[in-house]
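J.: Please see the structure below; I have some questions.
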Amino acid sequence: MRLRAPSAPTVEAKPDAALLVPELRPLANVSHDEWRLWPRVFDGWLNNVLYWELTRNRLPALLRYEDRLSMAFSIESRVPFLDHRLVELSFALPDSVKRHAGWSKYGLRRALESLPDVPLPRSVVWRRDKKGFPTPVGNWLRDGRASAALDLLRDPRRRSRTLFPQRAVDSFIGEHVAGTADRSWQLWRALSTELWLDAFELA
């Protein structure tokens with residue numbers, strides 16, 4: 001497989017950049033967005049990407065959510081797929097077991113399909129679209145259920161106005177509500193920052 005040459009990512013190329021005041025943009029670190037620039041731990045690019053996703057990017061964030069949510073409801077949560085023996089085995093397997101004929105997690109799917117004691121439906125084992133437990137923030141911001149949140153972001157007296165210029169926030173709200181772009185992630189960040197500043201009476 002021939003890969004394009006890596007180029008260092010810049011915050012200006014991100015949708016989030018338009019939400020920040022210009023003087024804050026140089027402080028934003030987006031270097032992790034270009035996996036071709038990550039340090040080489042494995043020779044193969046797939047294992048290298050998986051390693052950094054496991055140790056630096058995606059998994060630490062997911063585990064934080066899992067830990068906080070389970071503790072909030074007094075649930076003793078377990079993550080069996082993170083047993084170090086299974087992780088070590090996964091990294092030792094060839095790429096063809098991880099991806100095959102357009103299928104991700106191919107070896108896992110084959111293993112689950114052949115387990116007699118855990119009869120999972122074929123439609124579950126071979127489902128292509130991965131579904132987590134996303135909160136439909138985008139829908140709420142668009143259909144009026146989060147009108148109080150949008151009113152807070154539109155308030156010219158909000159505490160985060162020196163971080164997120166009102167013109168940029170209004171533009172993102174307009175694009176999202178009109179359905180021309182999904183700005184839920186950026187609006188959620190602005191809203192979370194505003195609520196945090198208000199909770200601690202900062203700014």
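We name chains A, B, ... following the order of the structure tokens; residues begin at 1 in each chain, and ligands are numbered from 1 as shown.
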Going by DSSP on the backbone, which residues of region 4-201 of chain A come out as strand (DSSP E)? List them as a list of chain:residue names.

T.: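 DSSP on the backbone gives strand (DSSP E) at A:Arg99, A:His100, A:Trp103, A:Ser104.
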
J.: Could you save those same residues with C-alpha atoms as an mmCIF file, in the first residue's frame?

T.:
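The result, stored in part_10.cif:
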data_model
loop_
_atom_site.group_PDB
_atom_site.id
_atom_site.type_symbol
_atom_site.label_atom_id
_atom_site.label_comp_id
_atom_site.auth_asym_id
_atom_site.auth_seq_id
_atom_site.Cartn_x
_atom_site.Cartn_y
_atom_site.Cartn_z
ATOM 1 C CA ARG A 99 -8.660 -6.603 8.571
ATOM 2 C CA HIS A 100 -9.781 -8.921 5.814
ATOM 3 C CA TRP A 103 -14.025 -6.391 7.394
ATOM 4 C CA SER A 104 -12.586 -4.895 10.573
#

J.: Residues of region 35-60 of chain A that have any atom at most 12 Å from an atom of region 81-91 of chain A: could you tabulate them with the shortest-distance atom pair and the distance in Å to one decimal, using only C-alpha atoms, ordered by chain and increasing number, as a tab-separated table?

T.:
residue	atom	partner	partner_atom	distance
A:Val41	CA	A:Phe91	CA	11.5
A:Phe42	CA	A:Phe91	CA	9.4
A:Asp43	CA	A:Phe91	CA	11.6
A:Gly44	CA	A:Phe91	CA	10.5
A:Trp45	CA	A:Phe91	CA	11.9
A:Leu46	CA	A:Phe91	CA	9.7
A:Asn47	CA	A:Phe91	CA	6.5
A:Asn48	CA	A:Phe91	CA	9.5
A:Val49	CA	A:Phe91	CA	11.2
A:Leu50	CA	A:Phe91	CA	8.6
A:Tyr51	CA	A:Phe91	CA	8.4
A:Leu54	CA	A:Val87	CA	9.6
A:Thr55	CA	A:Leu82	CA	11.6
A:Leu59	CA	A:Leu82	CA	10.1
A:Pro60	CA	A:Leu82	CA	11.8

J.: Can I get the selection written as a PDB file, in the first residue's frame, with N, CA and C atoms?

T.:
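Writing the result to part.pdb gives the following:
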ATOM      1  N   VAL A  41       6.695   2.489  16.915  1.00  0.00           N
ATOM      2  CA  VAL A  41       6.875   1.461  17.927  1.00  0.00           C
ATOM      3  C   VAL A  41       6.896   0.093  17.245  1.00  0.00           C
ATOM      4  N   PHE A  42       6.035  -0.065  16.241  1.00  0.00           N
ATOM      5  CA  PHE A  42       5.978  -1.292  15.451  1.00  0.00           C
ATOM      6  C   PHE A  42       6.374  -0.975  14.012  1.00  0.00           C
ATOM      7  N   ASP A  43       6.837  -1.968  13.305  1.00  0.00           N
ATOM      8  CA  ASP A  43       7.210  -1.767  11.904  1.00  0.00           C
ATOM      9  C   ASP A  43       5.983  -1.539  11.030  1.00  0.00           C
ATOM     10  N   GLY A  44       4.921  -2.293  11.289  1.00  0.00           N
ATOM     11  CA  GLY A  44       3.716  -2.161  10.472  1.00  0.00           C
ATOM     12  C   GLY A  44       2.895  -0.951  10.877  1.00  0.00           C
ATOM     13  N   TRP A  45       2.315  -0.271   9.883  1.00  0.00           N
ATOM     14  CA  TRP A  45       1.578   0.954  10.186  1.00  0.00           C
ATOM     15  C   TRP A  45       0.303   0.673  10.977  1.00  0.00           C
ATOM     16  N   LEU A  46      -0.362  -0.471  10.720  1.00  0.00           N
ATOM     17  CA  LEU A  46      -1.605  -0.760  11.423  1.00  0.00           C
ATOM     18  C   LEU A  46      -1.361  -0.970  12.917  1.00  0.00           C
ATOM     19  N   ASN A  47      -0.376  -1.785  13.258  1.00  0.00           N
ATOM     20  CA  ASN A  47      -0.067  -1.990  14.675  1.00  0.00           C
ATOM     21  C   ASN A  47       0.398  -0.710  15.339  1.00  0.00           C
ATOM     22  N   ASN A  48       1.122   0.107  14.592  1.00  0.00           N
ATOM     23  CA  ASN A  48       1.584   1.367  15.158  1.00  0.00           C
ATOM     24  C   ASN A  48       0.416   2.290  15.493  1.00  0.00           C
ATOM     25  N   VAL A  49      -0.550   2.387  14.578  1.00  0.00           N
ATOM     26  CA  VAL A  49      -1.733   3.209  14.829  1.00  0.00           C
ATOM     27  C   VAL A  49      -2.524   2.643  16.006  1.00  0.00           C
ATOM     28  N   LEU A  50      -2.708   1.325  16.020  1.00  0.00           N
ATOM     29  CA  LEU A  50      -3.455   0.699  17.105  1.00  0.00           C
ATOM     30  C   LEU A  50      -2.772   0.921  18.458  1.00  0.00           C
ATOM     31  N   TYR A  51      -1.444   0.868  18.457  1.00  0.00           N
ATOM     32  CA  TYR A  51      -0.705   1.069  19.704  1.00  0.00           C
ATOM     33  C   TYR A  51      -0.960   2.464  20.278  1.00  0.00           C
ATOM     34  N   LEU A  54      -4.395   2.901  21.527  1.00  0.00           N
ATOM     35  CA  LEU A  54      -4.556   2.167  22.785  1.00  0.00           C
ATOM     36  C   LEU A  54      -3.933   2.895  23.963  1.00  0.00           C
ATOM     37  N   THR A  55      -2.805   3.546  23.742  1.00  0.00           N
ATOM     38  CA  THR A  55      -2.051   4.109  24.864  1.00  0.00           C
ATOM     39  C   THR A  55      -2.154   5.626  24.991  1.00  0.00           C
ATOM     40  N   LEU A  59      -8.425   5.183  23.554  1.00  0.00           N
ATOM     41  CA  LEU A  59      -8.775   4.338  24.692  1.00  0.00           C
ATOM     42  C   LEU A  59      -8.703   5.060  26.037  1.00  0.00           C
ATOM     43  N   PRO A  60      -7.671   5.861  26.319  1.00  0.00           N
ATOM     44  CA  PRO A  60      -7.666   6.566  27.607  1.00  0.00           C
ATOM     45  C   PRO A  60      -8.918   7.412  27.822  1.00  0.00           C
TER      46      PRO A  60
END

J.: Which of chain A end up as helix (DSSP H, G or I) when DSSP is run on this backbone - answer as a VMD selection string?

T.: chain A and resid 11 to 13 15 to 19 22 to 27 31 to 33 35 to 37 45 to 55 58 to 72 80 to 82 84 to 92 95 to 98 106 to 113 122 to 125 137 to 143 147 to 154 159 to 162 166 to 178 184 to 199

J.: Set the distance at 10 Å and use only C-alpha atoms: which residues neighbour Ala18 (chain A) once local chain neighbours fewer than 5 positions away are removed? I'd like the list as a PyMOL selection string.

T.: chain A and resi 11-13+25+164-165+167-169+171-172+186

J.: Dump N, CA and C atoms for the selected residues as a short mmCIF file (atom, residue, chain, number, x, y, z; two decimals), in the first residue's frame?

T.:
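Here's the written file result_16.cif:
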data_model
loop_
_atom_site.label_atom_id
_atom_site.label_comp_id
_atom_site.auth_asym_id
_atom_site.auth_seq_id
_atom_site.Cartn_x
_atom_site.Cartn_y
_atom_site.Cartn_z
N VAL A 11 -3.87 23.87 13.42
CA VAL A 11 -5.17 24.14 14.02
C VAL A 11 -6.05 24.94 13.06
N GLU A 12 -5.43 25.71 12.18
CA GLU A 12 -6.22 26.52 11.24
C GLU A 12 -7.04 25.65 10.30
N ALA A 13 -6.61 24.42 10.10
CA ALA A 13 -7.34 23.52 9.19
C ALA A 13 -8.51 22.84 9.89
N ARG A 25 -5.30 30.28 19.32
CA ARG A 25 -5.08 29.22 18.34
C ARG A 25 -3.67 28.63 18.37
N PHE A 164 -14.46 32.37 23.12
CA PHE A 164 -15.21 32.05 21.91
C PHE A 164 -15.98 33.28 21.47
N PRO A 165 -15.51 33.97 20.43
CA PRO A 165 -16.18 35.21 19.98
C PRO A 165 -17.64 34.95 19.62
N ARG A 167 -19.55 36.22 17.37
CA ARG A 167 -19.83 36.04 15.95
C ARG A 167 -19.58 34.60 15.51
N ALA A 168 -18.51 34.00 16.02
CA ALA A 168 -18.20 32.62 15.66
C ALA A 168 -19.23 31.66 16.24
N VAL A 169 -19.61 31.87 17.50
CA VAL A 169 -20.60 31.01 18.14
C VAL A 169 -21.93 31.10 17.41
N SER A 171 -22.44 31.90 14.33
CA SER A 171 -22.29 31.25 13.02
C SER A 171 -22.41 29.74 13.14
N PHE A 172 -21.76 29.16 14.16
CA PHE A 172 -21.83 27.72 14.36
C PHE A 172 -23.24 27.28 14.71
N GLN A 186 -18.38 21.16 18.50
CA GLN A 186 -17.83 22.47 18.84
C GLN A 186 -18.76 23.21 19.82
#

J.: With a distance cut-off of 8 Å and only C-alpha atoms, select the neighbouring residues of region 143-152 of chain A, excluding the residue or stretch itself and same-chain residues fewer than 5 positions from it, and output the selection as a PyMOL selection string.

T.: chain A and resi 158+173+177+191

J.: Can you pull out the residues contacting Ala111 (chain A)? Cut-off 12 Å, using only C-alpha atoms, and skip same-chain residues under 4 positions away; I want them as a ChimeraX atom specification.

T.: /A:97-98,105-107,115-120,125-126

J.: Okay, now the selection with C-alpha atoms, as an mmCIF file, in the first residue's frame?

T.:
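The resulting out_22.cif:
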data_model
loop_
_atom_site.group_PDB
_atom_site.id
_atom_site.type_symbol
_atom_site.label_atom_id
_atom_site.label_comp_id
_atom_site.auth_asym_id
_atom_site.auth_seq_id
_atom_site.Cartn_x
_atom_site.Cartn_y
_atom_site.Cartn_z
ATOM 1 C CA VAL A 97 -6.615 -11.252 11.024
ATOM 2 C CA LYS A 98 -7.441 -7.679 12.008
ATOM 3 C CA LYS A 105 -11.941 -7.090 13.637
ATOM 4 C CA TYR A 106 -12.077 -10.082 11.299
ATOM 5 C CA GLY A 107 -10.462 -12.574 13.706
ATOM 6 C CA LEU A 115 -18.466 -20.102 19.932
ATOM 7 C CA PRO A 116 -21.135 -22.747 20.660
ATOM 8 C CA ASP A 117 -21.887 -21.476 24.176
ATOM 9 C CA VAL A 118 -22.445 -17.875 23.088
ATOM 10 C CA PRO A 119 -24.798 -18.069 20.117
ATOM 11 C CA LEU A 120 -24.707 -14.521 18.815
ATOM 12 C CA VAL A 125 -21.370 -10.706 14.567
ATOM 13 C CA TRP A 126 -21.119 -9.386 11.012
#

J.: Mind giving me the straight-line distance from CA of Val79 (chain A) to CA of Gly132 (chain A) in Å, one decimal?

T.: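 Calculated distance between CA of Val79 (chain A) and CA of Gly132 (chain A) is 14.8 Å.
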
J.: So, with only C-alpha atoms as the atoms that count, which of A:Val137, A:Ala28, A:Leu19, A:Val124 lies closest to Asp170 (chain A)?

T.: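 So, comparing all the options, the nearest one is A:Leu19.
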
J.: Quick check, in Å to one decimal: how far apart do CA of Arg127 (chain A) and CA of Arg142 (chain A) lie?

T.: 28.9 Å
